Amino acid sequence: MKVLIVDDSSTMRRIIFNSLTKVGQHQIVEAANGREGLEKVREGGVEFILTDWHMPEMNGLEFVRAVRGIASMESVPILMVTSNAVSEEVMEAVKAGVNGYIVKPFQPETLRAKIESVLKK
């Protein structure tokens, strides 16, 4: 499964990358913001997306809306990874098309469980 990580923090991208490899995911691409993420999506093959919310140029919510506007990406699972757990923001993300939400910091096993949960839906 090709996974796209979209986060402006290179440290957080590395943490997510390492967490994914620990749970058996090895086909991983990265982007530093929503605009770069959208370019990666348009290149094709992305089957799962993990995106931060707060990023420069194009934030995670704008990115999710743009991805959902691409017909071939309507059903690709998207997991929002952020430090905010405000219920209004969670609801806004769900309305935009996010399939799941995980709050930083997290353990690799928590990420794995969340990805499995999103994939089962």
# chains A, B, ... in the order shown; residues from 1 in each chain; ligands from 1
call {"tool": "closest_atom_pairs", "arguments": {"of": "range 83-111 of chain A", "to": "range 22-38 of chain A", "cutoff": "12 Å", "atoms": "only C-alpha atoms", "output": "Markdown table"}}
result
| residue | atom | partner | partner_atom | distance |
| --- | --- | --- | --- | --- |
| A:Gln107 | CA | A:Lys22 | CA | 10.7 |
| A:Pro108 | CA | A:Lys22 | CA | 7.1 |
| A:Glu109 | CA | A:Val23 | CA | 7.5 |
| A:Thr110 | CA | A:Val23 | CA | 10.3 |
| A:Leu111 | CA | A:Val23 | CA | 8.8 |
call {"tool": "write_last_selection", "arguments": {"atoms": "C-alpha atoms", "output": "tab-separated table (two decimals), in the first residue's frame"}}
result
chain	number	residue	atom	x	y	z
A	107	GLN	CA	3.08	5.41	19.72
A	108	PRO	CA	3.71	3.31	16.58
A	109	GLU	CA	1.21	0.72	17.80
A	110	THR	CA	-1.46	3.40	18.25
A	111	LEU	CA	-0.85	4.59	14.69
call {"tool": "select_by_dssp", "arguments": {"residues": "range 14-70 of chain A", "states": "strand (DSSP E or B)", "output": "PyMOL selection string"}}
result
chain A and resi 27-31+48-51
call {"tool": "closest_residue", "arguments": {"among": "A:Met55, A:Val98, A:Val118, A:Val67", "to": "Asp8 in chain A", "atoms": "only C-alpha atoms"}}
result
A:Met55
call {"tool": "atom_distance", "arguments": {"atom1": "CA of Gly44 in chain A", "atom2": "CA of Ser72 in chain A"}}
result
9.4 Å
call {"tool": "select_by_dssp", "arguments": {"residues": "chain A", "states": "helix (DSSP H, G or I)", "output": "JSON, numbers by chain"}}
result
{"A": [10, 11, 12, 13, 14, 15, 16, 17, 18, 19, 20, 21, 22, 34, 35, 36, 37, 38, 39, 40, 41, 42, 43, 60, 61, 62, 63, 64, 65, 66, 67, 68, 71, 72, 73, 87, 88, 89, 90, 91, 92, 93, 94, 95, 96, 108, 109, 110, 111, 112, 113, 114, 115, 116, 117, 118, 119, 120]}
call {"tool": "closest_residue", "arguments": {"among": "A:Leu4, A:Pro77, A:Leu61, A:Ser87", "to": "Lys120 in chain A", "atoms": "only C-alpha atoms"}}
result
A:Pro77
call {"tool": "closest_residue", "arguments": {"among": "A:Ala96, A:Ala85, A:Ile5, A:Met58", "to": "Asn18 in chain A", "atoms": "only C-alpha atoms"}}
result
A:Ile5
call {"tool": "closest_residue", "arguments": {"among": "A:Pro56, A:Glu88, A:Leu20, A:Gly45", "to": "Lys114 in chain A", "atoms": "only C-alpha atoms"}}
result
A:Leu20
call {"tool": "closest_residue", "arguments": {"among": "A:Ala66, A:Val103, A:Val76, A:Ile16", "to": "Lys2 in chain A", "atoms": "only C-alpha atoms"}}
result
A:Val76
